[in-house]
$ cat my_file-v1.txt   # compact mmCIF, N, CA and C atoms
# COMPACT_ATOMS: atom_id res chain seq x y z
N LEU A 1 12.92 13.57 -28.42
CA LEU A 1 12.65 12.33 -29.15
C LEU A 1 11.16 12.14 -29.38
N ALA A 2 10.41 12.34 -28.30
CA ALA A 2 8.95 12.22 -28.36
C ALA A 2 8.39 13.07 -27.24
N THR A 3 7.10 13.20 -27.17
CA THR A 3 6.50 13.98 -26.10
C THR A 3 6.87 13.36 -24.76
N GLY A 4 7.51 14.14 -23.92
CA GLY A 4 7.87 13.68 -22.60
C GLY A 4 9.14 12.85 -22.52
N VAL A 5 9.94 12.84 -23.60
CA VAL A 5 11.19 12.07 -23.63
C VAL A 5 12.32 13.00 -24.06
N VAL A 6 13.44 12.96 -23.32
CA VAL A 6 14.60 13.80 -23.62
C VAL A 6 15.81 12.90 -23.81
N SER A 7 16.63 13.22 -24.80
CA SER A 7 17.87 12.51 -25.07
C SER A 7 19.04 13.46 -24.86
N LEU A 8 20.04 13.03 -24.11
CA LEU A 8 21.23 13.83 -23.85
C LEU A 8 22.48 13.03 -24.21
N ALA A 9 23.59 13.75 -24.42
CA ALA A 9 24.90 13.11 -24.66
C ALA A 9 24.85 12.10 -25.79
N GLY A 10 24.30 12.53 -26.90
CA GLY A 10 24.28 11.66 -28.08
C GLY A 10 23.46 10.39 -27.89
N GLY A 11 22.44 10.44 -27.05
CA GLY A 11 21.58 9.28 -26.85
C GLY A 11 22.02 8.38 -25.71
N ARG A 12 23.11 8.73 -25.03
CA ARG A 12 23.58 7.88 -23.93
C ARG A 12 22.77 8.07 -22.65
N VAL A 13 22.04 9.19 -22.54
CA VAL A 13 21.17 9.43 -21.39
C VAL A 13 19.76 9.69 -21.93
N ILE A 14 18.79 8.93 -21.46
CA ILE A 14 17.39 9.11 -21.84
C ILE A 14 16.60 9.38 -20.57
N ALA A 15 15.83 10.45 -20.59
CA ALA A 15 14.98 10.79 -19.45
C ALA A 15 13.54 10.89 -19.95
N GLU A 16 12.61 10.37 -19.13
CA GLU A 16 11.19 10.40 -19.47
C GLU A 16 10.42 11.16 -18.40
N ARG A 17 9.40 11.85 -18.86
CA ARG A 17 8.59 12.64 -17.95
C ARG A 17 7.57 11.74 -17.26
N ALA A 18 7.54 11.84 -15.94
CA ALA A 18 6.57 11.09 -15.14
C ALA A 18 6.22 11.94 -13.92
N GLN A 19 4.97 12.10 -13.65
CA GLN A 19 4.49 12.88 -12.51
C GLN A 19 5.06 14.29 -12.49
N GLY A 20 5.15 14.91 -13.67
CA GLY A 20 5.60 16.28 -13.79
C GLY A 20 7.10 16.49 -13.69
N LYS A 21 7.88 15.42 -13.56
CA LYS A 21 9.35 15.52 -13.47
C LYS A 21 9.98 14.56 -14.49
N TYR A 22 11.21 14.88 -14.86
CA TYR A 22 11.95 13.98 -15.74
C TYR A 22 12.78 13.01 -14.90
N HIS A 23 12.72 11.73 -15.26
CA HIS A 23 13.48 10.69 -14.57
C HIS A 23 14.34 9.97 -15.60
N ILE A 24 15.61 9.76 -15.24
CA ILE A 24 16.51 9.03 -16.15
C ILE A 24 16.06 7.58 -16.20
N THR A 25 15.79 7.10 -17.41
CA THR A 25 15.33 5.72 -17.58
C THR A 25 16.35 4.85 -18.30
N ARG A 26 17.35 5.48 -18.92
CA ARG A 26 18.41 4.70 -19.57
C ARG A 26 19.70 5.48 -19.50
N LEU A 27 20.77 4.78 -19.14
CA LEU A 27 22.09 5.40 -19.06
C LEU A 27 23.09 4.41 -19.64
N THR A 28 23.74 4.80 -20.71
CA THR A 28 24.75 3.96 -21.34
C THR A 28 26.12 4.40 -20.84
N SER A 29 26.99 3.44 -20.57
CA SER A 29 28.30 3.74 -20.01
C SER A 29 29.08 4.71 -20.88
N PHE A 30 29.78 5.64 -20.24
CA PHE A 30 30.63 6.59 -20.94
C PHE A 30 32.07 6.12 -20.99
N GLY A 31 32.47 5.27 -20.07
CA GLY A 31 33.87 4.89 -19.94
C GLY A 31 34.25 3.69 -20.79
N ASP A 32 35.46 3.24 -20.61
CA ASP A 32 35.98 2.07 -21.29
C ASP A 32 35.27 0.85 -20.74
N THR A 33 34.46 0.21 -21.56
CA THR A 33 33.70 -0.95 -21.11
C THR A 33 34.26 -2.25 -21.68
N SER A 34 35.52 -2.25 -22.03
CA SER A 34 36.16 -3.45 -22.52
C SER A 34 36.13 -4.51 -21.44
N THR A 35 35.83 -5.73 -21.82
CA THR A 35 35.68 -6.79 -20.82
C THR A 35 37.02 -7.28 -20.30
N ARG A 36 38.10 -7.11 -21.04
CA ARG A 36 39.40 -7.62 -20.61
C ARG A 36 40.37 -6.52 -20.21
N LEU A 37 39.91 -5.29 -20.19
CA LEU A 37 40.73 -4.16 -19.75
C LEU A 37 42.08 -4.09 -20.44
N GLY A 38 42.11 -4.32 -21.75
CA GLY A 38 43.33 -4.19 -22.54
C GLY A 38 44.26 -5.38 -22.49
N LYS A 39 43.90 -6.45 -21.78
CA LYS A 39 44.76 -7.64 -21.72
C LYS A 39 44.42 -8.57 -22.88
N PRO A 40 45.41 -8.97 -23.67
CA PRO A 40 45.12 -9.87 -24.79
C PRO A 40 44.68 -11.25 -24.30
N ARG A 41 43.80 -11.87 -25.06
CA ARG A 41 43.28 -13.20 -24.75
C ARG A 41 44.17 -14.26 -25.39
N PRO A 42 44.66 -15.23 -24.59
CA PRO A 42 45.42 -16.33 -25.20
C PRO A 42 44.47 -17.20 -26.04
N VAL A 43 44.90 -17.56 -27.23
CA VAL A 43 44.07 -18.37 -28.13
C VAL A 43 44.49 -19.83 -28.00
N THR A 44 43.49 -20.68 -27.78
CA THR A 44 43.73 -22.12 -27.70
C THR A 44 42.98 -22.80 -28.83
N PHE A 45 43.71 -23.47 -29.69
CA PHE A 45 43.09 -24.21 -30.78
C PHE A 45 42.84 -25.63 -30.30
N THR A 46 41.62 -26.12 -30.52
CA THR A 46 41.30 -27.50 -30.17
C THR A 46 40.93 -28.25 -31.45
N GLY A 47 41.33 -29.48 -31.53
CA GLY A 47 41.03 -30.29 -32.70
C GLY A 47 42.04 -30.08 -33.81
N PRO A 48 41.95 -30.89 -34.83
CA PRO A 48 42.94 -30.84 -35.92
C PRO A 48 42.79 -29.63 -36.84
N ARG A 49 41.62 -29.01 -36.86
CA ARG A 49 41.39 -27.90 -37.79
C ARG A 49 42.12 -26.62 -37.40
N ARG A 50 42.39 -26.41 -36.14
CA ARG A 50 43.07 -25.21 -35.61
C ARG A 50 42.41 -23.92 -36.11
N ALA A 51 41.13 -23.79 -35.77
CA ALA A 51 40.38 -22.58 -36.09
C ALA A 51 39.43 -22.28 -34.94
N VAL A 52 39.31 -21.00 -34.59
CA VAL A 52 38.41 -20.58 -33.51
C VAL A 52 37.73 -19.27 -33.88
N GLU A 53 36.63 -18.99 -33.20
CA GLU A 53 35.95 -17.71 -33.31
C GLU A 53 35.68 -17.18 -31.92
N TYR A 54 35.87 -15.88 -31.73
CA TYR A 54 35.58 -15.23 -30.47
C TYR A 54 34.73 -13.99 -30.74
N ALA A 55 33.83 -13.71 -29.79
CA ALA A 55 33.11 -12.44 -29.82
C ALA A 55 33.97 -11.46 -29.03
N GLY A 56 34.11 -10.26 -29.53
CA GLY A 56 34.95 -9.27 -28.86
C GLY A 56 34.30 -7.90 -28.89
N ARG A 57 34.91 -6.99 -28.12
CA ARG A 57 34.44 -5.60 -28.06
C ARG A 57 35.64 -4.69 -27.98
N VAL A 58 35.58 -3.61 -28.74
CA VAL A 58 36.62 -2.60 -28.71
C VAL A 58 36.00 -1.34 -28.12
N ALA A 59 36.57 -0.87 -27.03
CA ALA A 59 36.03 0.30 -26.35
C ALA A 59 36.60 1.59 -26.94
N GLU A 60 36.27 2.71 -26.32
CA GLU A 60 36.65 4.02 -26.84
C GLU A 60 38.16 4.19 -26.97
N LEU A 61 38.91 3.68 -26.03
CA LEU A 61 40.37 3.77 -26.06
C LEU A 61 40.92 2.36 -26.06
N GLY A 62 41.50 1.94 -27.18
CA GLY A 62 42.16 0.66 -27.13
C GLY A 62 41.88 -0.25 -28.28
N ALA A 63 42.27 -1.50 -28.04
CA ALA A 63 42.15 -2.55 -29.04
C ALA A 63 41.76 -3.83 -28.32
N ASP A 64 41.29 -4.79 -29.07
CA ASP A 64 40.96 -6.10 -28.54
C ASP A 64 42.04 -7.04 -29.06
N GLY A 65 42.82 -7.66 -28.15
CA GLY A 65 43.98 -8.43 -28.57
C GLY A 65 43.86 -9.93 -28.31
N TYR A 66 44.55 -10.70 -29.16
CA TYR A 66 44.56 -12.16 -29.09
C TYR A 66 45.99 -12.63 -29.29
N ILE A 67 46.46 -13.56 -28.44
CA ILE A 67 47.81 -14.10 -28.54
C ILE A 67 47.74 -15.49 -29.17
N VAL A 68 48.48 -15.65 -30.28
CA VAL A 68 48.52 -16.92 -30.99
C VAL A 68 49.95 -17.44 -30.97
N ALA A 69 50.15 -18.66 -30.45
CA ALA A 69 51.47 -19.31 -30.48
C ALA A 69 51.57 -20.08 -31.79
N ALA A 70 52.65 -19.84 -32.55
CA ALA A 70 52.79 -20.45 -33.88
C ALA A 70 54.21 -20.94 -34.09
N SER A 71 54.35 -21.85 -35.04
CA SER A 71 55.65 -22.36 -35.45
C SER A 71 56.09 -21.63 -36.71
N ALA A 72 57.39 -21.63 -36.97
CA ALA A 72 57.90 -21.04 -38.21
C ALA A 72 57.26 -21.75 -39.39
N GLY A 73 56.80 -20.98 -40.36
CA GLY A 73 56.18 -21.54 -41.56
C GLY A 73 54.68 -21.70 -41.46
N ASP A 74 54.09 -21.56 -40.27
CA ASP A 74 52.63 -21.63 -40.15
C ASP A 74 52.00 -20.46 -40.88
N ARG A 75 50.80 -20.68 -41.40
CA ARG A 75 50.03 -19.60 -42.02
C ARG A 75 48.96 -19.18 -41.02
N LEU A 76 49.03 -17.90 -40.62
CA LEU A 76 48.06 -17.32 -39.70
C LEU A 76 47.04 -16.52 -40.51
N ARG A 77 45.77 -16.76 -40.21
CA ARG A 77 44.69 -15.99 -40.85
C ARG A 77 43.79 -15.43 -39.77
N ALA A 78 43.50 -14.14 -39.86
CA ALA A 78 42.58 -13.48 -38.95
C ALA A 78 41.56 -12.72 -39.79
N ALA A 79 40.31 -12.77 -39.37
CA ALA A 79 39.26 -12.03 -40.06
C ALA A 79 38.27 -11.52 -39.02
N ILE A 80 37.75 -10.31 -39.24
CA ILE A 80 36.74 -9.76 -38.34
C ILE A 80 35.46 -9.51 -39.11
N SER A 81 34.34 -9.66 -38.42
CA SER A 81 33.02 -9.44 -39.03
C SER A 81 32.07 -8.94 -37.95
N GLY A 82 30.87 -8.55 -38.39
CA GLY A 82 29.84 -8.15 -37.45
C GLY A 82 30.03 -6.77 -36.84
N PHE A 83 30.67 -5.86 -37.55
CA PHE A 83 30.91 -4.51 -37.05
C PHE A 83 30.55 -3.50 -38.13
N PRO A 84 30.24 -2.26 -37.75
CA PRO A 84 29.92 -1.25 -38.77
C PRO A 84 31.13 -1.00 -39.68
N PRO A 85 30.92 -0.91 -40.98
CA PRO A 85 32.03 -0.69 -41.92
C PRO A 85 32.85 0.55 -41.55
N GLY A 86 34.17 0.41 -41.68
CA GLY A 86 35.07 1.54 -41.46
C GLY A 86 35.38 1.85 -40.00
N THR A 87 34.89 1.04 -39.05
CA THR A 87 35.09 1.36 -37.64
C THR A 87 36.22 0.57 -36.99
N LEU A 88 36.63 -0.56 -37.59
CA LEU A 88 37.68 -1.40 -37.03
C LEU A 88 38.64 -1.84 -38.13
N TRP A 89 39.85 -2.27 -37.72
CA TRP A 89 40.79 -2.88 -38.65
C TRP A 89 41.70 -3.82 -37.88
N LEU A 90 42.41 -4.68 -38.60
CA LEU A 90 43.29 -5.69 -38.02
C LEU A 90 44.75 -5.32 -38.18
N ARG A 91 45.56 -5.68 -37.15
CA ARG A 91 47.01 -5.60 -37.30
C ARG A 91 47.62 -6.74 -36.49
N VAL A 92 48.79 -7.19 -36.94
CA VAL A 92 49.46 -8.33 -36.33
C VAL A 92 50.93 -7.98 -36.13
N SER A 93 51.46 -8.38 -34.97
CA SER A 93 52.89 -8.19 -34.69
C SER A 93 53.40 -9.40 -33.93
N ARG A 94 54.70 -9.59 -33.99
CA ARG A 94 55.30 -10.60 -33.11
C ARG A 94 55.25 -10.00 -31.72
N ARG A 95 54.76 -10.75 -30.75
CA ARG A 95 54.52 -10.21 -29.40
C ARG A 95 55.79 -9.59 -28.83
N GLY A 96 55.67 -8.34 -28.39
CA GLY A 96 56.78 -7.63 -27.80
C GLY A 96 57.65 -6.87 -28.78
N SER A 97 57.45 -7.05 -30.08
CA SER A 97 58.32 -6.39 -31.05
C SER A 97 57.88 -4.97 -31.38
N GLY A 98 56.57 -4.72 -31.39
CA GLY A 98 56.08 -3.39 -31.76
C GLY A 98 56.12 -3.12 -33.25
N THR A 99 56.58 -4.09 -34.05
CA THR A 99 56.64 -3.94 -35.51
C THR A 99 55.48 -4.72 -36.12
N PHE A 100 54.66 -4.05 -36.90
CA PHE A 100 53.51 -4.71 -37.50
C PHE A 100 53.91 -5.42 -38.78
N LEU A 101 53.34 -6.61 -38.98
CA LEU A 101 53.68 -7.46 -40.12
C LEU A 101 52.75 -7.20 -41.29
N ASP A 102 53.29 -7.39 -42.51
CA ASP A 102 52.48 -7.27 -43.71
C ASP A 102 51.57 -8.49 -43.82
N GLY A 103 50.40 -8.29 -44.35
CA GLY A 103 49.46 -9.38 -44.55
C GLY A 103 48.02 -8.90 -44.61
N GLY A 104 47.84 -7.60 -44.44
CA GLY A 104 46.48 -7.05 -44.48
C GLY A 104 45.88 -7.12 -45.85
N LYS A 105 44.64 -7.60 -45.91
CA LYS A 105 43.89 -7.66 -47.17
C LYS A 105 42.63 -6.84 -46.95
N GLY A 106 42.82 -5.53 -46.88
CA GLY A 106 41.72 -4.65 -46.49
C GLY A 106 41.70 -4.54 -44.97
N ASP A 107 40.65 -3.94 -44.46
CA ASP A 107 40.55 -3.73 -43.01
C ASP A 107 40.20 -4.99 -42.24
N SER A 108 39.48 -5.93 -42.87
CA SER A 108 38.88 -7.02 -42.11
C SER A 108 39.55 -8.38 -42.25
N VAL A 109 40.60 -8.50 -43.05
CA VAL A 109 41.29 -9.79 -43.20
C VAL A 109 42.80 -9.57 -43.16
N TRP A 110 43.48 -10.46 -42.43
CA TRP A 110 44.94 -10.45 -42.39
C TRP A 110 45.38 -11.90 -42.54
N GLU A 111 46.36 -12.15 -43.44
CA GLU A 111 46.82 -13.52 -43.67
C GLU A 111 48.26 -13.50 -44.17
N ALA A 112 49.10 -14.34 -43.55
CA ALA A 112 50.49 -14.45 -43.99
C ALA A 112 51.13 -15.70 -43.40
N ARG A 113 52.20 -16.14 -44.06
CA ARG A 113 53.02 -17.22 -43.53
C ARG A 113 54.02 -16.58 -42.57
N LEU A 114 54.19 -17.17 -41.39
CA LEU A 114 55.04 -16.61 -40.35
C LEU A 114 56.47 -17.12 -40.48
N ALA A 115 57.41 -16.21 -40.45
CA ALA A 115 58.82 -16.56 -40.66
C ALA A 115 59.45 -17.19 -39.42
N GLU A 116 58.96 -16.82 -38.23
CA GLU A 116 59.58 -17.28 -36.99
C GLU A 116 58.57 -17.93 -36.06
N ALA A 117 59.04 -18.87 -35.26
CA ALA A 117 58.20 -19.44 -34.21
C ALA A 117 58.08 -18.42 -33.08
N GLY A 118 56.97 -18.43 -32.40
CA GLY A 118 56.79 -17.52 -31.27
C GLY A 118 55.34 -17.16 -31.05
N GLU A 119 55.14 -16.14 -30.24
CA GLU A 119 53.79 -15.65 -29.96
C GLU A 119 53.52 -14.42 -30.81
N TYR A 120 52.33 -14.40 -31.40
CA TYR A 120 51.93 -13.29 -32.26
C TYR A 120 50.70 -12.62 -31.66
N LEU A 121 50.70 -11.29 -31.69
CA LEU A 121 49.60 -10.49 -31.17
C LEU A 121 48.72 -10.04 -32.34
N VAL A 122 47.48 -10.54 -32.35
CA VAL A 122 46.49 -10.12 -33.33
C VAL A 122 45.60 -9.10 -32.64
N GLU A 123 45.52 -7.89 -33.21
CA GLU A 123 44.74 -6.83 -32.59
C GLU A 123 43.62 -6.35 -33.50
N VAL A 124 42.44 -6.20 -32.91
CA VAL A 124 41.32 -5.55 -33.56
C VAL A 124 41.34 -4.13 -33.04
N VAL A 125 41.61 -3.18 -33.92
CA VAL A 125 41.89 -1.80 -33.53
C VAL A 125 40.74 -0.89 -33.97
N ARG A 126 40.42 0.04 -33.11
CA ARG A 126 39.35 1.01 -33.38
C ARG A 126 39.80 2.03 -34.41
N ARG A 127 38.98 2.27 -35.39
CA ARG A 127 39.21 3.30 -36.39
C ARG A 127 38.14 4.39 -36.28
N ALA A 128 37.03 4.09 -35.63
CA ALA A 128 35.93 5.06 -35.48
C ALA A 128 36.34 6.17 -34.53
N PRO A 129 35.73 7.35 -34.65
CA PRO A 129 36.02 8.45 -33.73
C PRO A 129 35.69 8.07 -32.28
N TYR A 130 36.36 8.73 -31.36
CA TYR A 130 36.13 8.52 -29.94
C TYR A 130 34.65 8.68 -29.61
N CYS A 131 34.10 7.75 -28.85
CA CYS A 131 32.71 7.80 -28.37
C CYS A 131 31.65 7.60 -29.45
N ASP A 132 32.01 7.29 -30.65
CA ASP A 132 31.00 7.22 -31.69
C ASP A 132 31.12 5.94 -32.50
N PRO A 133 30.62 4.82 -32.03
CA PRO A 133 29.94 4.55 -30.77
C PRO A 133 30.94 4.27 -29.65
N PRO A 134 30.48 4.22 -28.39
CA PRO A 134 31.42 4.01 -27.29
C PRO A 134 32.08 2.63 -27.31
N VAL A 135 31.35 1.61 -27.72
CA VAL A 135 31.88 0.25 -27.79
C VAL A 135 31.46 -0.36 -29.12
N ILE A 136 32.41 -1.04 -29.79
CA ILE A 136 32.11 -1.68 -31.08
C ILE A 136 32.29 -3.19 -30.91
N SER A 137 31.22 -3.92 -31.09
CA SER A 137 31.26 -5.39 -31.00
C SER A 137 31.71 -5.97 -32.34
N HIS A 138 32.33 -7.15 -32.28
CA HIS A 138 32.77 -7.82 -33.50
C HIS A 138 32.93 -9.31 -33.23
N VAL A 139 33.16 -10.06 -34.29
CA VAL A 139 33.52 -11.47 -34.20
C VAL A 139 34.86 -11.60 -34.90
N VAL A 140 35.82 -12.24 -34.21
CA VAL A 140 37.13 -12.47 -34.83
C VAL A 140 37.28 -13.97 -35.07
N SER A 141 37.70 -14.32 -36.29
CA SER A 141 37.97 -15.71 -36.66
C SER A 141 39.47 -15.85 -36.84
N LEU A 142 40.06 -16.82 -36.15
CA LEU A 142 41.51 -17.05 -36.22
C LEU A 142 41.76 -18.48 -36.66
N SER A 143 42.71 -18.68 -37.57
CA SER A 143 43.09 -20.04 -37.96
C SER A 143 44.59 -20.10 -38.18
N LEU A 144 45.12 -21.27 -37.95
CA LEU A 144 46.55 -21.53 -38.10
C LEU A 144 46.72 -22.80 -38.90
N SER A 145 47.41 -22.69 -40.04
CA SER A 145 47.64 -23.85 -40.91
C SER A 145 49.11 -24.17 -40.89
N ALA A 146 49.44 -25.44 -40.66
CA ALA A 146 50.85 -25.86 -40.61
C ALA A 146 51.46 -25.87 -41.99
N GLN A 147 52.78 -25.64 -42.03
CA GLN A 147 53.55 -25.72 -43.26
C GLN A 147 53.48 -27.18 -43.75
N PRO A 148 53.09 -27.43 -45.01
CA PRO A 148 53.06 -28.81 -45.50
C PRO A 148 54.46 -29.44 -45.50
N VAL A 149 54.53 -30.72 -45.13
CA VAL A 149 55.81 -31.45 -45.13
C VAL A 149 56.15 -31.81 -46.57
N ARG A 150 57.42 -31.53 -46.97
CA ARG A 150 57.84 -31.82 -48.35
C ARG A 150 58.85 -32.92 -48.37

$ encode --input "my_file-v1.txt" --output "structure tokens"
Amino acid sequence: LATGVVSLAGGRVIAERAQGKYHITRLTSFGDTSTRLGKPRPVTFTGPRRAVEYAGRVAELGADGYIVAASAGDRLRAAISGFPPGTLWLRVSRRGSGTFLDGGKGDSVWEARLAEAGEYLVEVVRRAPYCDPPVISHVVSLSLSAQPVR
């Protein structure tokens, strides 16, 4: 990198020369550094607007998940931002079903009216290659709009 500086493992290990020897001065984690260890975060909406934002991280193996409780006819909207293009995407399923619902509007927005009441799993999924980068930070915006009364 520079005189007396060595980079190893794609920049995850930096060693600098001091007193004739190299000493590791920076070490970035190699493992799964997800803060929730794959457990989805329950979403709590406060106030009449029913919209929240969370900062999240997707590690090398896995997804960042959010559980939204909704009524039949509610419109769920999820959007992600603040991440390198092409590295993440959104998917939504009814919790426990394993079947993904239609509603994707590109990689970063998902929106649809929900047919059934229940819990829905919103996942921010890694699309980038393993370890490149090891962790991808993002912001997820979630909102729930009630079916208008007719």

$ residues_near_point --input "my_file-v1.txt" --point "(13.2, 17.0, -22.3)" --cutoff "8 Å" --atoms "all atoms listed in the file" --output "NGL selection string"
:A and (1-7 or 15-17 or 22)

$ closest_residue --input "my_file-v1.txt" --among "A:Cys131, A:Ala78, A:Leu61, A:Ile24" --to "A:Gly104" --atoms "only C-alpha atoms"
A:Ala78

$ atom_distance --input "my_file-v1.txt" --atom1 "atom C of A:Asp102" --atom2 "atom CA of A:Glu119"
15.8 Å

$ axis_aligned_box --input "my_file-v1.txt" --around "stretch 122-137 of chain A" --padding-each-side "3 Å" --output "JSON"
{"center_x": 38.7, "center_y": -0.9, "center_z": -31.8, "size_x": 23.5, "size_y": 25.3, "size_z": 15.1}

$ select_by_dssp --input "my_file-v1.txt" --residues "stretch 1-148 of chain A" --states "strand (DSSP E)" --output "NGL selection string"
:A and (5-8 or 13-18 or 21-27 or 41-42 or 51-58 or 63-70 or 75-81 or 88-94 or 109-113 or 118-126 or 136-145)

$ residues_around --input "my_file-v1.txt" --residues "A:Val122" --least-positions-apart "5" --cutoff "6 Å" --atoms "all atoms listed in the file" --output "list in words"
Asp64, Gly65, Tyr66, Ile67, Val68, Arg91, Val92 and Ser93 of chain A

$ residues_near_point --input "my_file-v1.txt" --point "(43.0, -6.0, -41.0)" --cutoff "5 Å" --atoms "all atoms listed in the file" --output "list in words"
Trp89, Leu90, Arg91, Gly106, Asp107, Ser108, Val109 and Trp110 of chain A

$ closest_residue --input "my_file-v1.txt" --among "A:Pro84, A:Gly98, A:Ala70, A:Val58" --to "A:Val125" --atoms "all atoms listed in the file"
A:Val58

$ atom_distance --input "my_file-v1.txt" --atom1 "atom C of A:Gly118" --atom2 "atom C of A:Arg41"
12.9 Å

$ build_atoms --input "my_file-v1.txt" --residues "stretch 125-142 of chain A" --atoms "N, CA, C and O atoms" --output "CSV table (one decimal), in the coordinates of the input"
chain,number,residue,atom,x,y,z
A,125,VAL,N,41.6,-3.2,-33.9
A,125,VAL,CA,41.9,-1.8,-33.5
A,125,VAL,C,40.7,-0.9,-34.0
A,125,VAL,O,40.2,-1.0,-35.1
A,126,ARG,N,40.4,0.0,-33.1
A,126,ARG,CA,39.4,1.0,-33.4
A,126,ARG,C,39.8,2.0,-34.4
A,126,ARG,O,40.9,2.6,-34.3
A,127,ARG,N,39.0,2.3,-35.4
A,127,ARG,CA,39.2,3.3,-36.4
A,127,ARG,C,38.1,4.4,-36.3
A,127,ARG,O,38.3,5.5,-36.7
A,128,ALA,N,37.0,4.1,-35.6
A,128,ALA,CA,35.9,5.1,-35.5
A,128,ALA,C,36.3,6.2,-34.5
A,128,ALA,O,37.2,6.0,-33.7
A,129,PRO,N,35.7,7.4,-34.6
A,129,PRO,CA,36.0,8.4,-33.7
A,129,PRO,C,35.7,8.1,-32.3
A,129,PRO,O,34.9,7.2,-32.0
A,130,TYR,N,36.4,8.7,-31.4
A,130,TYR,CA,36.1,8.5,-29.9
A,130,TYR,C,34.6,8.7,-29.6
A,130,TYR,O,34.0,9.6,-30.1
A,131,CYS,N,34.1,7.8,-28.8
A,131,CYS,CA,32.7,7.8,-28.4
A,131,CYS,C,31.6,7.6,-29.4
A,131,CYS,O,30.5,7.7,-29.2
A,132,ASP,N,32.0,7.3,-30.6
A,132,ASP,CA,31.0,7.2,-31.7
A,132,ASP,C,31.1,5.9,-32.5
A,132,ASP,O,31.7,5.9,-33.6
A,133,PRO,N,30.6,4.8,-32.0
A,133,PRO,CA,29.9,4.6,-30.8
A,133,PRO,C,30.9,4.3,-29.6
A,133,PRO,O,32.1,4.0,-29.9
A,134,PRO,N,30.5,4.2,-28.4
A,134,PRO,CA,31.4,4.0,-27.3
A,134,PRO,C,32.1,2.6,-27.3
A,134,PRO,O,33.2,2.5,-27.0
A,135,VAL,N,31.4,1.6,-27.7
A,135,VAL,CA,31.9,0.2,-27.8
A,135,VAL,C,31.5,-0.4,-29.1
A,135,VAL,O,30.3,-0.2,-29.5
A,136,ILE,N,32.4,-1.0,-29.8
A,136,ILE,CA,32.1,-1.7,-31.1
A,136,ILE,C,32.3,-3.2,-30.9
A,136,ILE,O,33.4,-3.7,-30.6
A,137,SER,N,31.2,-3.9,-31.1
A,137,SER,CA,31.3,-5.4,-31.0
A,137,SER,C,31.7,-6.0,-32.3
A,137,SER,O,31.5,-5.4,-33.4
A,138,HIS,N,32.3,-7.2,-32.3
A,138,HIS,CA,32.8,-7.8,-33.5
A,138,HIS,C,32.9,-9.3,-33.2
A,138,HIS,O,32.9,-9.7,-32.1
A,139,VAL,N,33.2,-10.1,-34.3
A,139,VAL,CA,33.5,-11.5,-34.2
A,139,VAL,C,34.9,-11.6,-34.9
A,139,VAL,O,35.0,-11.1,-36.0
A,140,VAL,N,35.8,-12.2,-34.2
A,140,VAL,CA,37.1,-12.5,-34.8
A,140,VAL,C,37.3,-14.0,-35.1
A,140,VAL,O,37.0,-14.8,-34.2
A,141,SER,N,37.7,-14.3,-36.3
A,141,SER,CA,38.0,-15.7,-36.7
A,141,SER,C,39.5,-15.8,-36.8
A,141,SER,O,40.1,-15.1,-37.6
A,142,LEU,N,40.1,-16.8,-36.2
A,142,LEU,CA,41.5,-17.0,-36.2
A,142,LEU,C,41.8,-18.5,-36.7
A,142,LEU,O,41.1,-19.4,-36.2
